[in-house]
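Q: My structure is below; once you've seen it, I'll send some questions.
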Number of protein chains: 6
Amino acid sequence: MFIVPVDADISLELLEEQHEGELFALVDANRDYLRQWLPWLDQNTEVEHTRSFIRSALERFAARDGFTCGLRHKGALAGVVGLHRVDWPSRRSSLGYWLAEPHQGKGLMTRACAGLLDCAFGEMGLNRVELHCAVENRRSCAIPERLGFTREGVLRSHEWLYDHFVDMVAYAMLAGDWSRLGSGGPG
Amino acid sequence: MFIVPVDADISLELLEEQHEGELFALVDANRDYLRQWLPWLDQNTEVEHTRSFIRSALERFAARDGFTCGLRHKGALAGVVGLHRVDWPSRRSSLGYWLAEPHQGKGLMTRACAGLLDCAFGEMGLNRVELHCAVENRRSCAIPERLGFTREGVLRSHEWLYDHFVDMVAYAMLAGDWSRLGSGGPG
Amino acid sequence: MFIVPVDADISLELLEEQHEGELFALVDANRDYLRQWLPWLDQNTEVEHTRSFIRSALERFAARDGFTCGLRHKGALAGVVGLHRVDWPSRRSSLGYWLAEPHQGKGLMTRACAGLLDCAFGEMGLNRVELHCAVENRRSCAIPERLGFTREGVLRSHEWLYDHFVDMVAYAMLAGDWSRLGSGGPG
Amino acid sequence: MFIVPVDADISLELLEEQHEGELFALVDANRDYLRQWLPWLDQNTEVEHTRSFIRSALERFAARDGFTCGLRHKGALAGVVGLHRVDWPSRRSSLGYWLAEPHQGKGLMTRACAGLLDCAFGEMGLNRVELHCAVENRRSCAIPERLGFTREGVLRSHEWLYDHFVDMVAYAMLAGDWSRLGSGGPG
Amino acid sequence: MFIVPVDADISLELLEEQHEGELFALVDANRDYLRQWLPWLDQNTEVEHTRSFIRSALERFAARDGFTCGLRHKGALAGVVGLHRVDWPSRRSSLGYWLAEPHQGKGLMTRACAGLLDCAFGEMGLNRVELHCAVENRRSCAIPERLGFTREGVLRSHEWLYDHFVDMVAYAMLAGDWSRLGSGGPG
Amino acid sequence: MFIVPVDADISLELLEEQHEGELFALVDANRDYLRQWLPWLDQNTEVEHTRSFIRSALERFAARDGFTCGLRHKGALAGVVGLHRVDWPSRRSSLGYWLAEPHQGKGLMTRACAGLLDCAFGEMGLNRVELHCAVENRRSCAIPERLGFTREGVLRSHEWLYDHFVDMVAYAMLAGDWSRLGSGGPG
């Protein structure tokens, strides 16, 4: 219902409870695919789990601590993207996303993230947006690299993924970088 | 940031804390005008009051109990419109709005309400939207009448306005009426 | 334990947890009868549900947002009556009640409501008490009519009752009316 | 509004916010007298303090953790009496009270406590009611002694009273004692 | 992790969630023994109950309302000891403890309580520490008597123990007594 | 009161409200020194601010989300050290500290951190402890380097310090590293 329009085909829609069925169905249909890099699949096995996730995301939004959106492509829900935890004194937040398998390969998430960064550095006035991708998740790493994020280091054993620890690349974009790159990314 | 696009010029933007300065300035510049029919002007005399209003509106949104938007016309904040308290078992809510004086007379709020009703009866699945206008506030009453609301009665002494009670007309629109009228109102 | 004495036979007793068994038994024995006009019977099927109802009613009482009483006739619990949601700035609230079938036809609820209105317009200082009855619930409508409430309109499809929407008559009594009618109702 | 009727002249009225002015005035007019044995006079110097006291007492009532009443004699507020903290597993609570100076010497509090004990051992089903009086507060000690409480010991330095510690007599009444004494006390 | 060192062999360790397994195992292995004098054994039958107990104890600690420690003897968890509910205006609290059967008879709890009293009257600045032991629980009563507590009275039917009420001896230690006895108890 | 003993001279004491005066005095005496690298000095100008800091630290401790200790050297409070925000699924947390100027240069904080890491990787079972130091704060950077932390990258403009952004070095220690280095650090 409430959207950030990104371009003719893509919008970021604030997730509300009425989306719980649609979102759970997307997760459920991509369970094996998402399980490769996301740690929460075994905690999301019923639509009630998706409802709790949406509720707590809205509570964080109301507390001015980020937001969680559905990525819609031509009306269809394709994935989730958001900012988690905002450090207002240092005007810094952290970006996260996932895209369902059938929607891969079209640059949707790159365009969605560019739209989100316009909001983050524009209306929200943030100075720094961080992003952590698993070192071996080449698809996910390609997004910040295409957008011009700086690779700042590798965080060893940063996330537990079912049965092993994963090293994460720490990327970051600064407001000044984004504005130099020109709104909408490096094209 | 998060909007319901209504038409080429108008959108409904979910109010967030970053709008507090803009909204307070609008209230402050229209204080005498708004005071004629709105009871809360003397409780909103500093930007902190506007911040509290926005916060509690976002908390209600997160609790699935309505939402509060700024009406933007060509980018400028012109007024506020929202749904307050949703009775989900009976799928019923209550509409409220105000428009600053310089934005009057262009049909902005009528178009905004039509957009909001499309959401209410569409995505939200409500069955009934109520609206109370002071009997003598002809400008405000004109909006539901133009949109095709039914006048269901007059609620005597319903609201305290600084130094006297005001009678309110009770209007309501049902989902079936709205769909018969055609989305976007009676034209 | 804590009562508003109404007359020699009737009192309004603030519901506390120790009444849960007695209240649930009354609901359970009148389930089919109450189901005709009350929407919550299928959500009250165990004594724990009655306990939750009493707890949340007491929390609203502590928050100065109305109260919920048992109607006692010669010591026996006969029904429930209360004020829900108080709008203190406009000094307005809403009356609700139900009476078990075996206690019908003796004017008990009319006398109980008269006692409650004495409190509402007296000690509480309210200016307006509203009451909604289903259009076709003649028994319930007879009470506000006997007490001298004004019929202000009909609210279409106002309440969902298991499988259909119900139209409600909107009644209201103002403090000035009540005092003109003479305490205790129109007799 | 909500009372426990004790006898023709005395009732215990659950304190609500509308009593704040009346209660604060009583405290204020008896400040020096009450300060002899009550430790909270310097924390109750404005009507807002009385309001907070009433609110938190109602919250405890809603949480089933006791109640706080005004003692009314022929309609006038004469003092405060209540049960504080209920240990439900052991069915035990603690009685407390104070009476304004002009109402002393008529046995009002003794009768009020007898009424309260009838509720405590009757409807509430408690097994033990405790009462602590300062050893040298003869007037206060006379009440449990007249009512037939057992003196169980002396608690040394139990309460801080502005500039010194006070020893308290620990009294207790058991349900069995009260029923043997006959409802209404030994009188 | 966080301890009050008492002597070479004994320390009091603030209970945290990581101790839940160890604590539940100790309770479970001493269930029949502890059931003689403690009322909560039937509410602690799974490790989740122990976790809830630890959580609520930590919340009270964070609210400055006492603390709950494990008694460790040569590293092994032997029992629990703590202060419950602190009345800061009167600088008074209440001591409670239990020791598993295999650890009885070595004076461990007496030494632990002496260490705890040093903290209570020293760093915490309390003036009075109370202790209630069942009259017939000779082992438990021996501890305050050995430490020099004063026996102030007997509280009849003070605690419900599964199927009967128990009389409790009320003991108390004042800061002045403790300092006269010499830190570490009467030796 | 509750400590982690580190060595003969140093302990980590869980901060409680009774330490507010001592802690505020230490901050106040080192205000200019601490202001070089810590961003919160202007939000801590009265002892009430220190009290709020301690309270919220204890609430996080009770919620199992880290802890905050005073570093005591021969009984004197010398600084603060703690773990902030624990990610339990990934068993990861973040270390933070400051030391007052007169206590610098003796290796106190290095020893304190070694003790804390023993707890973190031992009893708490963490797998990764992160630490961020401003690039130009050589004194602070020396500590993780002496302890054997790995330097994983530089986070640009990570923290707002009154009037400019500061770049931070990201250090991390893994459980496996710590155990290979030998408990107590690289010596």
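Chain labels run A, B, ... following the order of the structure tokens; each chain numbers its residues from 1, and ligands are numbered from 1 in the order shown.
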Within 10 Å of chain B, which residues of chain C show up when using only C-alpha atoms, listed as a PyMOL selection string?
A: chain C and resi 39-40+87-92+127-130+150-162+164-166+169-174
Q: Tell me, which residues of region 21-184 of chain C carry DSSP strand (DSSP E or B), written as a ChimeraX atom specification?
A: /C:66-73,76-87,92-99,128-134,150-160,165-174
Q: So that I have them on file, write out the residues from the current selection with C-alpha atoms, as a PDB file, in the first residue's frame.
A:
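Wrote part.pdb, looks like this:
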```pdb
ATOM      1  CA  GLY C  66     -14.775   2.871  31.279  1.00  0.00           C
ATOM      2  CA  PHE C  67     -15.829  -0.066  33.479  1.00  0.00           C
ATOM      3  CA  THR C  68     -17.647  -3.389  33.237  1.00  0.00           C
ATOM      4  CA  CYS C  69     -20.125  -4.564  35.854  1.00  0.00           C
ATOM      5  CA  GLY C  70     -22.200  -7.574  36.578  1.00  0.00           C
ATOM      6  CA  LEU C  71     -25.891  -6.788  37.061  1.00  0.00           C
ATOM      7  CA  ARG C  72     -26.971  -8.513  40.265  1.00  0.00           C
ATOM      8  CA  HIS C  73     -30.657  -9.066  40.992  1.00  0.00           C
ATOM      9  CA  ALA C  76     -27.854 -13.469  41.410  1.00  0.00           C
ATOM     10  CA  LEU C  77     -25.736 -12.501  38.430  1.00  0.00           C
ATOM     11  CA  ALA C  78     -28.196 -11.678  35.628  1.00  0.00           C
ATOM     12  CA  GLY C  79     -26.093  -9.941  32.974  1.00  0.00           C
ATOM     13  CA  VAL C  80     -23.336  -7.464  32.203  1.00  0.00           C
ATOM     14  CA  VAL C  81     -23.462  -3.694  31.734  1.00  0.00           C
ATOM     15  CA  GLY C  82     -20.733  -1.087  31.322  1.00  0.00           C
ATOM     16  CA  LEU C  83     -19.263   1.963  29.696  1.00  0.00           C
ATOM     17  CA  HIS C  84     -16.645   1.385  26.971  1.00  0.00           C
ATOM     18  CA  ARG C  85     -14.035   3.911  25.895  1.00  0.00           C
ATOM     19  CA  VAL C  86     -14.376   7.353  27.444  1.00  0.00           C
ATOM     20  CA  ASP C  87     -13.495  10.409  25.339  1.00  0.00           C
ATOM     21  CA  ARG C  92     -18.560  11.151  26.006  1.00  0.00           C
ATOM     22  CA  SER C  93     -18.785   7.368  26.364  1.00  0.00           C
ATOM     23  CA  SER C  94     -20.681   4.384  25.029  1.00  0.00           C
ATOM     24  CA  LEU C  95     -23.048   2.083  26.934  1.00  0.00           C
ATOM     25  CA  GLY C  96     -23.282  -1.671  26.351  1.00  0.00           C
ATOM     26  CA  TYR C  97     -25.179  -4.512  28.056  1.00  0.00           C
ATOM     27  CA  TRP C  98     -26.648  -7.990  27.844  1.00  0.00           C
ATOM     28  CA  LEU C  99     -29.127  -9.831  30.055  1.00  0.00           C
ATOM     29  CA  ARG C 128     -23.094  12.330  26.295  1.00  0.00           C
ATOM     30  CA  VAL C 129     -23.715   8.576  26.492  1.00  0.00           C
ATOM     31  CA  GLU C 130     -24.173   6.658  23.239  1.00  0.00           C
ATOM     32  CA  LEU C 131     -25.807   3.293  22.705  1.00  0.00           C
ATOM     33  CA  HIS C 132     -25.943   1.117  19.578  1.00  0.00           C
ATOM     34  CA  CYS C 133     -28.653  -1.573  19.198  1.00  0.00           C
ATOM     35  CA  ALA C 134     -29.238  -3.794  16.201  1.00  0.00           C
ATOM     36  CA  THR C 150     -32.833  10.152  21.293  1.00  0.00           C
ATOM     37  CA  ARG C 151     -32.635   8.046  18.129  1.00  0.00           C
ATOM     38  CA  GLU C 152     -29.994   9.862  16.071  1.00  0.00           C
ATOM     39  CA  GLY C 153     -29.693   7.646  13.006  1.00  0.00           C
ATOM     40  CA  VAL C 154     -29.079   4.172  11.634  1.00  0.00           C
ATOM     41  CA  LEU C 155     -25.501   2.949  11.084  1.00  0.00           C
ATOM     42  CA  ARG C 156     -25.605   0.533   8.150  1.00  0.00           C
ATOM     43  CA  SER C 157     -23.605  -2.722   8.244  1.00  0.00           C
ATOM     44  CA  HIS C 158     -22.010  -1.631  11.492  1.00  0.00           C
ATOM     45  CA  GLU C 159     -21.296  -5.004  13.067  1.00  0.00           C
ATOM     46  CA  TRP C 160     -20.328  -8.425  11.737  1.00  0.00           C
ATOM     47  CA  PHE C 165     -23.561  -7.508   8.743  1.00  0.00           C
ATOM     48  CA  VAL C 166     -26.107  -5.881  11.036  1.00  0.00           C
ATOM     49  CA  ASP C 167     -27.467  -2.313  10.903  1.00  0.00           C
ATOM     50  CA  MET C 168     -27.451  -0.534  14.258  1.00  0.00           C
ATOM     51  CA  VAL C 169     -29.655   2.242  15.614  1.00  0.00           C
ATOM     52  CA  ALA C 170     -27.525   5.018  17.128  1.00  0.00           C
ATOM     53  CA  TYR C 171     -29.117   6.304  20.332  1.00  0.00           C
ATOM     54  CA  ALA C 172     -27.722   9.010  22.608  1.00  0.00           C
ATOM     55  CA  MET C 173     -28.587  10.648  25.898  1.00  0.00           C
ATOM     56  CA  LEU C 174     -27.163  14.051  26.835  1.00  0.00           C
TER      57      LEU C 174
END
```
Q: In Å, how far is it from CA of Leu108 (chain B) to CA of Glu17 (chain A)?
A: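 The value is 29.3 Å.
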Q: Work out how far CA of Val27 (chain E) is from CA of Ala100 (chain E), in Å to one decimal.
A: 7.7 Å
